[in-house]
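Here the structure is laid out as structure tokens; the discussion comes afterwards.
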Amino acid sequence: MDYASFKVEEFCKDTDFIHWVISPTEESNQFWNSFIALHPNKSKEINIATEYIKTFHFQEFEPTINDLTNLKKRILEDIDSPIVVVNWWSRPAYWATAAVVLMVFSFGIFLWNQKPTSYQTAYGEVQKISLPDGSIVTLNANSTLKLAPNMKNEAMREVWLDGEAYFDIAKLNGVKFIVHTREAQVEVLGTEFNVSTRRKQTKVILHEGKVKLHTSNAQPILMKPGDMATVSEKIQPIQLKMVQPDQYDVWRESVVVLDDRTISEIVEMMEDTYGIVIQFENPRLLSKKLTGKLSLKSTDDFIENLSIILDVEVEKTEKGYVFK
Amino acid sequence: MTKDKLTPSEHAALWDNFRNGSKEAFSQLYELFAADLYRYGYNLIRNKQLVEDCLHELFIHLHAHRSKLGPTDNIRFYMYRSLRRRLTDSITKLNKFDSDDYVFDNAEFMIEPRESQMIEEQTLERQKQMVIAELNKLPKRQKEILYLVYMKGFTYQEAAEAMDITMKSVYNTVNVALTTLKGYLKDTFKKQGLLLVLLFLQYFFKN
């Protein structure tokens with residue numbers, strides 16, 4: 001390798017050089033020290049390259065000695081326990097038949113128990129779900145909710161949400177209930193709240209009770225009734241603001257409250273929940289704010305009412321509507 | 001940082017001992033690689049239980065099939081790749097989300113803390129903080145590539161194989177990352193030539 005002609009970037013890309021920087025050995029120390037002695041004009045480049053490489057440093061979780069010894073013990077125990085091989089072919093055939101029947105049966109039960117239950121709603125469809133633990137979830141349109149198996153017997157109740165849902169959690173002797181989204185985990189004891197994971201952000205709106213919100217890179221926060229928390233990769237840290245919670249869950253009654261929300265927020269909501277694309281020829285309208293309530297029971301009526309309020313012509317297209 | 005400093009021939013010898021049924025070699029494998037695998041596993045999936053279960057399965061599997069395993073002179077790579085596959089498979093089996101969305105989702109670059117009171121060094125640290133914020137915005141696959149190449153000392157080929165991607169994507173990622181670094185650090189480094197010489201000397205005295 002002709003290191004004498006190397007530039008910073010080339011050093012940074014050279015595997016041998018990287019190895020020397022991140023875990024020097026006697027051998028590599030010797031090689032690079034004598035190289036620098038021979039080519040003192042390269043020392044600046046080498047030094048910058050070293051700094052560059054060291055910048056690629058990740059946070060790492062250090063397992064404790066306990067973690068490691070326990071795991072080792074577990075592995076060695078499982079290795080030492082002899083596996084009994086049953087020579088079923090040497091036994092009466094009914095044994096084998098019985099075993100196979102039992103296996104198939106118990107495997108079936110196992111699958112039946114383990115299979116995570118999953119609910120999915122189509123555009124425009126709202127579904128009310130009673131969970132095994134007594135909690136009630138209203139799943140908004142175009143959303144998915146997955147349940148952990150054995151919700152009733154576990155020490156922790158867990159669900160996974162993609163989309164939007166309203167949770168009314170049953171209290172269960174202090175057993176936690178956790179809603180996982182891509183951006184956050186909502187931990188509760190018994191309460192009512194709304195979670196939405198649209199547009200690469202998770203919004204939690206708390207109606208009553210207490211909720212603890214966990215994210216990967218911030219301290220967990222405790223929410224009070226009326227709080228709306230927004231978590232996204234782009235906006236850090238967690239945004240907290242007081243809102244009127246009722247306005248955010250009226251989707252359950254197919255009504256949209258326009259108060260204090262821009263037209264562009266409403267347009268996004270229509271696309272997320274109904275799959276209807278609304279375009280505006282005049283983009284200035286998008287930042288306009290309206291007040292009032294509109295029924296969403298019929299999409300055509302909703303669009304017509306909106307066009308009357310905004311005082312613009314509307315045209316139906318293949319995919320949705322265009323406001324002129 | 002990596003702790004095993006075995007040469008390829010030592011790797012091969014240890015592996016062969018293990019394949020021939022040496023209990024001691026198996027134990028040594030665990031002592032040498034378990035902690036490092038644990039760290040990698042936890043950066044892939046933030047779930048201690050799952051990482052431990054997969055490590056447990058991996059070692060049991062290795063032990064049970066030791067006589068059928070092929071030779072290798074790079075045990076670490078071999079085990080990293082197996083652990084990654086086991087973890088992604090178990091996530092897919094759990095069927096929560098697509099494993100791709102989950103893997104390496106929480107790992108973050110960070111600044112190695114240095115004890116220094118020098119103003120110039122503090123400026124450099126601040127500059128680095130900006131680069132790191134920038135690097136953290138990279139897609140997680142790219143971050144994982146950088147993790148394997150620059151923290152675990154994988155060759156480009158090994159990183160590509162471990163992640164089931166092409167060598168080209170590894171090259172491209174390294175290029176993107178280095179350009180980001182250059183853009184942010186170039187001026188600072190020019191201005192602080194003297195400081196760098198100091199750091200450099202420190203570095204050599206340490207070794």
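All residue names refer to the structure tokens as shown: chains lettered A, B, ... in order, residues numbered from 1 in each chain, ligands numbered from 1 in order.
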Output as JSON lines one row per residue of chain A within 7 Å of chain B: the closest atom pair and its distance in Å to one decimal place, counting only C-alpha atoms, sorted by chain and residue number ascending.
```
{"residue": "A:Thr15", "atom": "CA", "partner": "B:Thr155", "partner_atom": "CA", "distance": 6.0}
{"residue": "A:Ile18", "atom": "CA", "partner": "B:Gly153", "partner_atom": "CA", "distance": 6.7}
{"residue": "A:His19", "atom": "CA", "partner": "B:Gly153", "partner_atom": "CA", "distance": 5.7}
{"residue": "A:Ile22", "atom": "CA", "partner": "B:Met1", "partner_atom": "CA", "distance": 6.6}
{"residue": "A:Ser23", "atom": "CA", "partner": "B:Thr2", "partner_atom": "CA", "distance": 6.5}
{"residue": "A:Asn47", "atom": "CA", "partner": "B:Phe200", "partner_atom": "CA", "distance": 6.2}
{"residue": "A:Ile53", "atom": "CA", "partner": "B:Tyr150", "partner_atom": "CA", "distance": 6.4}
{"residue": "A:Phe56", "atom": "CA", "partner": "B:Tyr150", "partner_atom": "CA", "distance": 6.2}
{"residue": "A:His57", "atom": "CA", "partner": "B:Phe109", "partner_atom": "CA", "distance": 5.5}
{"residue": "A:Phe58", "atom": "CA", "partner": "B:Phe109", "partner_atom": "CA", "distance": 4.1}
{"residue": "A:Gln59", "atom": "CA", "partner": "B:Met110", "partner_atom": "CA", "distance": 5.6}
{"residue": "A:Glu60", "atom": "CA", "partner": "B:Arg39", "partner_atom": "CA", "distance": 6.1}
{"residue": "A:Phe61", "atom": "CA", "partner": "B:Arg39", "partner_atom": "CA", "distance": 5.6}
{"residue": "A:Glu62", "atom": "CA", "partner": "B:Arg39", "partner_atom": "CA", "distance": 6.4}
{"residue": "A:Pro63", "atom": "CA", "partner": "B:Ala35", "partner_atom": "CA", "distance": 6.6}
{"residue": "A:Leu71", "atom": "CA", "partner": "B:His56", "partner_atom": "CA", "distance": 7.0}
{"residue": "A:Ile75", "atom": "CA", "partner": "B:His56", "partner_atom": "CA", "distance": 5.8}
{"residue": "A:Ile79", "atom": "CA", "partner": "B:Ile60", "partner_atom": "CA", "distance": 6.7}
{"residue": "A:Ser216", "atom": "CA", "partner": "B:Asn106", "partner_atom": "CA", "distance": 6.4}
```
Limited to all heavy atoms, could you put the picked residues into a file as a short mmCIF file (atom, residue, chain, number, x, y, z; two decimals), in the first residue's frame?
```
data_model
loop_
_atom_site.label_atom_id
_atom_site.label_comp_id
_atom_site.auth_asym_id
_atom_site.auth_seq_id
_atom_site.Cartn_x
_atom_site.Cartn_y
_atom_site.Cartn_z
N THR A 15 -8.82 0.04 5.78
CA THR A 15 -9.18 -0.85 6.90
C THR A 15 -8.03 -1.04 7.89
O THR A 15 -8.24 -1.02 9.10
CB THR A 15 -9.63 -2.22 6.38
OG1 THR A 15 -10.59 -2.01 5.33
CG2 THR A 15 -10.29 -3.02 7.47
N ILE A 18 -7.78 2.04 10.00
CA ILE A 18 -8.90 2.08 10.95
C ILE A 18 -8.62 1.14 12.13
O ILE A 18 -8.78 1.52 13.29
CB ILE A 18 -10.23 1.68 10.26
CG1 ILE A 18 -10.58 2.67 9.16
CG2 ILE A 18 -11.36 1.63 11.29
CD1 ILE A 18 -11.74 2.24 8.28
N HIS A 19 -8.16 -0.05 11.80
CA HIS A 19 -7.86 -1.02 12.86
C HIS A 19 -6.83 -0.48 13.84
O HIS A 19 -6.95 -0.64 15.04
CB HIS A 19 -7.34 -2.33 12.26
CG HIS A 19 -8.45 -3.18 11.75
ND1 HIS A 19 -8.24 -4.35 11.07
CD2 HIS A 19 -9.79 -3.01 11.81
CE1 HIS A 19 -9.40 -4.88 10.74
NE2 HIS A 19 -10.36 -4.08 11.17
N ILE A 22 -8.59 2.17 16.09
CA ILE A 22 -9.58 1.74 17.09
C ILE A 22 -9.06 0.65 18.02
O ILE A 22 -9.50 0.55 19.15
CB ILE A 22 -10.93 1.33 16.45
CG1 ILE A 22 -10.76 0.13 15.54
CG2 ILE A 22 -11.57 2.48 15.73
CD1 ILE A 22 -12.07 -0.32 14.95
N SER A 23 -8.16 -0.20 17.54
CA SER A 23 -7.56 -1.15 18.49
C SER A 23 -6.12 -1.46 18.09
O SER A 23 -5.85 -2.43 17.40
CB SER A 23 -8.41 -2.42 18.60
OG SER A 23 -8.49 -3.06 17.36
N ASN A 47 -3.09 12.52 11.63
CA ASN A 47 -3.67 12.99 12.86
C ASN A 47 -5.12 13.44 12.65
O ASN A 47 -6.01 13.11 13.44
CB ASN A 47 -2.69 14.08 13.30
CG ASN A 47 -3.24 15.07 14.19
OD1 ASN A 47 -4.07 14.73 14.99
ND2 ASN A 47 -2.79 16.29 14.06
N ILE A 53 -11.93 9.41 12.48
CA ILE A 53 -12.37 8.04 12.78
C ILE A 53 -12.93 7.96 14.19
O ILE A 53 -13.93 7.31 14.44
CB ILE A 53 -11.21 7.05 12.57
CG1 ILE A 53 -10.93 6.92 11.08
CG2 ILE A 53 -11.52 5.69 13.18
CD1 ILE A 53 -9.69 6.17 10.73
N PHE A 56 -16.65 8.80 14.83
CA PHE A 56 -17.71 7.80 14.62
C PHE A 56 -17.83 6.92 15.86
O PHE A 56 -17.47 5.75 15.85
CB PHE A 56 -17.40 6.91 13.42
CG PHE A 56 -17.38 7.66 12.13
CD1 PHE A 56 -16.21 7.78 11.40
CD2 PHE A 56 -18.53 8.23 11.64
CE1 PHE A 56 -16.20 8.47 10.21
CE2 PHE A 56 -18.52 8.92 10.45
CZ PHE A 56 -17.35 9.05 9.72
N HIS A 57 -18.29 7.53 16.92
CA HIS A 57 -18.34 6.77 18.15
C HIS A 57 -19.79 6.63 18.59
O HIS A 57 -20.49 7.62 18.72
CB HIS A 57 -17.52 7.47 19.23
CG HIS A 57 -17.37 6.66 20.46
ND1 HIS A 57 -16.39 5.72 20.60
CD2 HIS A 57 -18.12 6.62 21.59
CE1 HIS A 57 -16.53 5.14 21.78
NE2 HIS A 57 -17.57 5.65 22.39
N PHE A 58 -20.22 5.40 18.83
CA PHE A 58 -21.61 5.18 19.22
C PHE A 58 -21.71 4.96 20.71
O PHE A 58 -20.82 4.42 21.34
CB PHE A 58 -22.17 3.95 18.52
CG PHE A 58 -22.60 4.21 17.12
CD1 PHE A 58 -21.67 4.18 16.10
CD2 PHE A 58 -23.91 4.50 16.85
CE1 PHE A 58 -22.07 4.42 14.80
CE2 PHE A 58 -24.31 4.74 15.55
CZ PHE A 58 -23.38 4.70 14.53
N GLN A 59 -22.86 5.37 21.20
CA GLN A 59 -23.21 5.07 22.57
C GLN A 59 -23.35 3.55 22.68
O GLN A 59 -23.96 2.93 21.83
CB GLN A 59 -24.56 5.68 22.82
CG GLN A 59 -24.73 6.18 24.18
CD GLN A 59 -25.87 7.18 24.24
OE1 GLN A 59 -26.52 7.48 23.25
NE2 GLN A 59 -26.10 7.69 25.42
N GLU A 60 -22.77 2.97 23.71
CA GLU A 60 -22.92 1.53 23.87
C GLU A 60 -23.40 1.19 25.25
O GLU A 60 -23.05 1.83 26.23
CB GLU A 60 -21.60 0.82 23.55
CG GLU A 60 -21.31 0.82 22.08
CD GLU A 60 -20.54 -0.40 21.65
OE1 GLU A 60 -19.36 -0.50 22.00
OE2 GLU A 60 -21.12 -1.24 20.95
N PHE A 61 -24.19 0.15 25.28
CA PHE A 61 -24.73 -0.32 26.55
C PHE A 61 -23.78 -1.36 27.10
O PHE A 61 -23.42 -2.31 26.41
CB PHE A 61 -26.11 -0.91 26.32
CG PHE A 61 -26.62 -1.69 27.48
CD1 PHE A 61 -27.18 -1.04 28.57
CD2 PHE A 61 -26.54 -3.07 27.50
CE1 PHE A 61 -27.65 -1.76 29.65
CE2 PHE A 61 -27.00 -3.79 28.57
CZ PHE A 61 -27.56 -3.13 29.65
N GLU A 62 -23.32 -1.17 28.32
CA GLU A 62 -22.35 -2.09 28.91
C GLU A 62 -23.09 -3.13 29.75
O GLU A 62 -23.69 -2.80 30.76
CB GLU A 62 -21.41 -1.26 29.79
CG GLU A 62 -19.95 -1.61 29.81
CD GLU A 62 -19.37 -2.12 28.50
OE1 GLU A 62 -19.31 -1.36 27.53
OE2 GLU A 62 -18.95 -3.29 28.48
N PRO A 63 -23.11 -4.39 29.30
CA PRO A 63 -23.75 -5.41 30.12
C PRO A 63 -22.98 -5.57 31.43
O PRO A 63 -21.76 -5.44 31.45
CB PRO A 63 -23.67 -6.68 29.28
CG PRO A 63 -22.56 -6.44 28.31
CD PRO A 63 -22.52 -4.97 28.07
N LEU A 71 -25.96 -15.32 32.12
CA LEU A 71 -26.21 -15.85 30.78
C LEU A 71 -25.32 -17.06 30.51
O LEU A 71 -25.76 -18.07 29.96
CB LEU A 71 -25.95 -14.75 29.74
CG LEU A 71 -26.20 -15.11 28.29
CD1 LEU A 71 -27.63 -15.56 28.07
CD2 LEU A 71 -25.90 -13.92 27.38
N ILE A 75 -26.43 -20.88 29.65
CA ILE A 75 -25.97 -21.61 28.46
C ILE A 75 -25.36 -22.95 28.86
O ILE A 75 -25.71 -24.00 28.30
CB ILE A 75 -24.95 -20.76 27.67
CG1 ILE A 75 -25.63 -19.55 27.03
CG2 ILE A 75 -24.26 -21.61 26.59
CD1 ILE A 75 -24.68 -18.53 26.47
N ILE A 79 -26.53 -26.83 28.05
CA ILE A 79 -25.67 -27.72 27.29
C ILE A 79 -25.49 -29.03 28.04
O ILE A 79 -25.52 -30.11 27.46
CB ILE A 79 -24.31 -27.06 27.02
CG1 ILE A 79 -24.45 -26.05 25.89
CG2 ILE A 79 -23.24 -28.10 26.66
CD1 ILE A 79 -23.23 -25.23 25.65
N SER A 216 -36.96 7.39 23.00
CA SER A 216 -35.64 6.78 23.03
C SER A 216 -34.56 7.76 23.47
O SER A 216 -33.59 7.38 24.08
CB SER A 216 -35.29 6.18 21.68
OG SER A 216 -35.47 7.16 20.69
#
```
Q: Taking the DSSP assignment computed from this structure's backbone, write out as a PyMOL selection string all residues of region 6-195 of chain A that belong to helix (DSSP H, G or I).
A: chain A and resi 8-13+15-22+26-38+40-55+65-80+88-90+93-114
Using C-alpha atoms, can you export the residues from the last selection as a PDB file, in the first residue's frame?
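Listed below is the output, selection12.pdb:
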```pdb
ATOM      1  CA  VAL A   8      -6.904  12.245   4.902  1.00  0.00           C
ATOM      2  CA  GLU A   9      -9.893  10.603   3.245  1.00  0.00           C
ATOM      3  CA  GLU A  10      -7.889   7.694   1.947  1.00  0.00           C
ATOM      4  CA  PHE A  11      -6.515   7.021   5.412  1.00  0.00           C
ATOM      5  CA  CYS A  12     -10.052   7.142   6.759  1.00  0.00           C
ATOM      6  CA  LYS A  13     -11.128   4.489   4.274  1.00  0.00           C
ATOM      7  CA  THR A  15      -9.182  -0.846   6.903  1.00  0.00           C
ATOM      8  CA  ASP A  16      -5.682  -1.389   8.292  1.00  0.00           C
ATOM      9  CA  PHE A  17      -5.441   2.241   9.315  1.00  0.00           C
ATOM     10  CA  ILE A  18      -8.902   2.083  10.945  1.00  0.00           C
ATOM     11  CA  HIS A  19      -7.862  -1.017  12.864  1.00  0.00           C
ATOM     12  CA  TRP A  20      -4.771   0.713  14.154  1.00  0.00           C
ATOM     13  CA  VAL A  21      -6.812   3.696  15.379  1.00  0.00           C
ATOM     14  CA  ILE A  22      -9.576   1.740  17.088  1.00  0.00           C
ATOM     15  CA  GLU A  26       2.091  -3.900  19.128  1.00  0.00           C
ATOM     16  CA  GLU A  27       2.582  -4.771  15.509  1.00  0.00           C
ATOM     17  CA  SER A  28       0.454  -1.956  14.103  1.00  0.00           C
ATOM     18  CA  ASN A  29       1.955   0.598  16.506  1.00  0.00           C
ATOM     19  CA  GLN A  30       5.369  -0.347  15.263  1.00  0.00           C
ATOM     20  CA  PHE A  31       4.317  -0.101  11.629  1.00  0.00           C
ATOM     21  CA  TRP A  32       2.624   3.288  11.889  1.00  0.00           C
ATOM     22  CA  ASN A  33       5.169   4.880  14.212  1.00  0.00           C
ATOM     23  CA  SER A  34       7.979   4.001  11.866  1.00  0.00           C
ATOM     24  CA  PHE A  35       5.898   5.164   8.893  1.00  0.00           C
ATOM     25  CA  ILE A  36       5.435   8.561  10.531  1.00  0.00           C
ATOM     26  CA  ALA A  37       9.122   8.725  11.378  1.00  0.00           C
ATOM     27  CA  LEU A  38       9.912   8.137   7.709  1.00  0.00           C
ATOM     28  CA  PRO A  40       6.939  13.361   8.915  1.00  0.00           C
ATOM     29  CA  ASN A  41       4.998  15.419   6.322  1.00  0.00           C
ATOM     30  CA  LYS A  42       2.141  12.914   6.630  1.00  0.00           C
ATOM     31  CA  SER A  43       1.708  13.351  10.360  1.00  0.00           C
ATOM     32  CA  LYS A  44      -0.874  16.121   9.975  1.00  0.00           C
ATOM     33  CA  GLU A  45      -3.058  14.034   7.649  1.00  0.00           C
ATOM     34  CA  ILE A  46      -2.744  10.979   9.857  1.00  0.00           C
ATOM     35  CA  ASN A  47      -3.669  12.991  12.857  1.00  0.00           C
ATOM     36  CA  ILE A  48      -6.785  14.494  11.229  1.00  0.00           C
ATOM     37  CA  ALA A  49      -7.805  11.067   9.957  1.00  0.00           C
ATOM     38  CA  THR A  50      -7.429   9.720  13.492  1.00  0.00           C
ATOM     39  CA  GLU A  51      -9.738  12.429  14.817  1.00  0.00           C
ATOM     40  CA  TYR A  52     -12.278  11.749  12.045  1.00  0.00           C
ATOM     41  CA  ILE A  53     -12.369   8.044  12.781  1.00  0.00           C
ATOM     42  CA  LYS A  54     -12.744   8.628  16.483  1.00  0.00           C
ATOM     43  CA  THR A  55     -15.748  10.848  15.793  1.00  0.00           C
ATOM     44  CA  ILE A  65     -20.787  -8.792  35.048  1.00  0.00           C
ATOM     45  CA  ASN A  66     -23.987 -10.212  36.501  1.00  0.00           C
ATOM     46  CA  ASP A  67     -25.754 -10.198  33.142  1.00  0.00           C
ATOM     47  CA  LEU A  68     -22.857 -12.002  31.540  1.00  0.00           C
ATOM     48  CA  THR A  69     -22.250 -14.630  34.217  1.00  0.00           C
ATOM     49  CA  ASN A  70     -25.951 -15.432  34.515  1.00  0.00           C
ATOM     50  CA  LEU A  71     -26.206 -15.849  30.777  1.00  0.00           C
ATOM     51  CA  LYS A  72     -23.140 -18.056  30.726  1.00  0.00           C
ATOM     52  CA  LYS A  73     -24.578 -20.183  33.513  1.00  0.00           C
ATOM     53  CA  ARG A  74     -27.822 -20.538  31.601  1.00  0.00           C
ATOM     54  CA  ILE A  75     -25.974 -21.613  28.459  1.00  0.00           C
ATOM     55  CA  LEU A  76     -23.772 -24.138  30.245  1.00  0.00           C
ATOM     56  CA  GLU A  77     -26.718 -25.605  32.144  1.00  0.00           C
ATOM     57  CA  ASP A  78     -28.667 -26.109  28.933  1.00  0.00           C
ATOM     58  CA  ILE A  79     -25.673 -27.724  27.287  1.00  0.00           C
ATOM     59  CA  ASP A  80     -25.015 -30.102  30.164  1.00  0.00           C
ATOM     60  CA  TRP A  88     -40.082 -44.216  19.293  1.00  0.00           C
ATOM     61  CA  TRP A  89     -39.623 -46.747  16.516  1.00  0.00           C
ATOM     62  CA  SER A  90     -38.669 -49.392  19.046  1.00  0.00           C
ATOM     63  CA  ALA A  93     -46.749 -47.835  17.539  1.00  0.00           C
ATOM     64  CA  TYR A  94     -49.577 -46.391  19.583  1.00  0.00           C
ATOM     65  CA  TRP A  95     -47.038 -44.474  21.658  1.00  0.00           C
ATOM     66  CA  ALA A  96     -45.771 -42.709  18.610  1.00  0.00           C
ATOM     67  CA  THR A  97     -49.262 -42.033  17.363  1.00  0.00           C
ATOM     68  CA  ALA A  98     -50.286 -40.658  20.723  1.00  0.00           C
ATOM     69  CA  ALA A  99     -47.195 -38.469  20.890  1.00  0.00           C
ATOM     70  CA  VAL A 100     -47.762 -37.072  17.406  1.00  0.00           C
ATOM     71  CA  VAL A 101     -51.399 -36.358  18.111  1.00  0.00           C
ATOM     72  CA  LEU A 102     -50.490 -34.672  21.376  1.00  0.00           C
ATOM     73  CA  MET A 103     -47.748 -32.642  19.716  1.00  0.00           C
ATOM     74  CA  VAL A 104     -49.970 -31.408  16.918  1.00  0.00           C
ATOM     75  CA  PHE A 105     -52.675 -30.589  19.414  1.00  0.00           C
ATOM     76  CA  SER A 106     -50.444 -28.705  21.823  1.00  0.00           C
ATOM     77  CA  PHE A 107     -48.633 -26.945  19.001  1.00  0.00           C
ATOM     78  CA  GLY A 108     -52.038 -25.798  17.797  1.00  0.00           C
ATOM     79  CA  ILE A 109     -52.902 -24.498  21.232  1.00  0.00           C
ATOM     80  CA  PHE A 110     -49.489 -22.866  21.447  1.00  0.00           C
ATOM     81  CA  LEU A 111     -50.016 -21.092  18.118  1.00  0.00           C
ATOM     82  CA  TRP A 112     -53.511 -20.130  19.100  1.00  0.00           C
ATOM     83  CA  ASN A 113     -52.238 -18.600  22.339  1.00  0.00           C
ATOM     84  CA  GLN A 114     -49.163 -16.961  20.883  1.00  0.00           C
TER      85      GLN A 114
END
```
At a cut-off of 9 Å, using only C-alpha atoms, what residues contact region 298-315 of chain A? Leave out same-chain residues fewer than 4 positions from it and give the result as a tab-separated table (two decimals) with N, CA and C atoms, in the first residue's frame.
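Saved result, around16.tsv, follows:
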```
chain	number	residue	atom	x	y	z
A	274	TYR	N	-59.38	9.19	5.62
A	274	TYR	CA	-60.35	8.81	4.58
A	274	TYR	C	-59.67	8.50	3.25
A	285	LEU	N	-54.70	29.70	1.15
A	285	LEU	CA	-55.85	29.23	1.93
A	285	LEU	C	-55.45	28.22	2.99
A	290	LEU	N	-60.15	28.22	10.86
A	290	LEU	CA	-61.61	28.32	10.89
A	290	LEU	C	-62.13	27.98	12.28
A	294	LEU	N	-67.88	20.50	11.78
A	294	LEU	CA	-68.44	19.98	10.53
A	294	LEU	C	-68.66	18.49	10.66
A	320	GLY	N	-59.66	12.85	-5.70
A	320	GLY	CA	-60.19	13.62	-4.58
A	320	GLY	C	-60.85	14.90	-5.06
A	321	TYR	N	-60.45	16.01	-4.47
A	321	TYR	CA	-61.10	17.28	-4.79
A	321	TYR	C	-60.05	18.36	-4.98
A	322	VAL	N	-60.40	19.32	-5.87
A	322	VAL	CA	-59.53	20.48	-6.04
A	322	VAL	C	-60.33	21.72	-5.73
A	323	PHE	N	-59.79	22.53	-4.79
A	323	PHE	CA	-60.41	23.82	-4.49
A	323	PHE	C	-59.76	24.85	-5.40
A	324	LYS	N	-60.63	25.57	-6.19
A	324	LYS	CA	-60.10	26.51	-7.19
A	324	LYS	C	-59.60	27.79	-6.53
```
Q) CA of Phe193 (chain A) and CA of Ile238 (chain A), how far apart in Å? A) 17.2 Å
Q | Proximity to Arg182 (chain A) - best of A:Ser232, A:Asn150, A:Gln219, A:Ser295, only C-alpha atoms | A | A:Ser232
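The residue that comes closest to Leu29 (chain B), out of B:Asn74, B:Ser67, B:Gln127, B:Gln157 and on the basis of only C-alpha atoms, is B:Asn74.
Of the residues listed (A:Leu139, A:Ile169, A:Ile205, A:Ile129), A:Leu139 shows the shortest atom-to-atom separation from Trp251 (chain A); distances use only C-alpha atoms.
Put simply, CA of Gln201 (chain A) is 25.3 Å away from CA of Lys319 (chain A).
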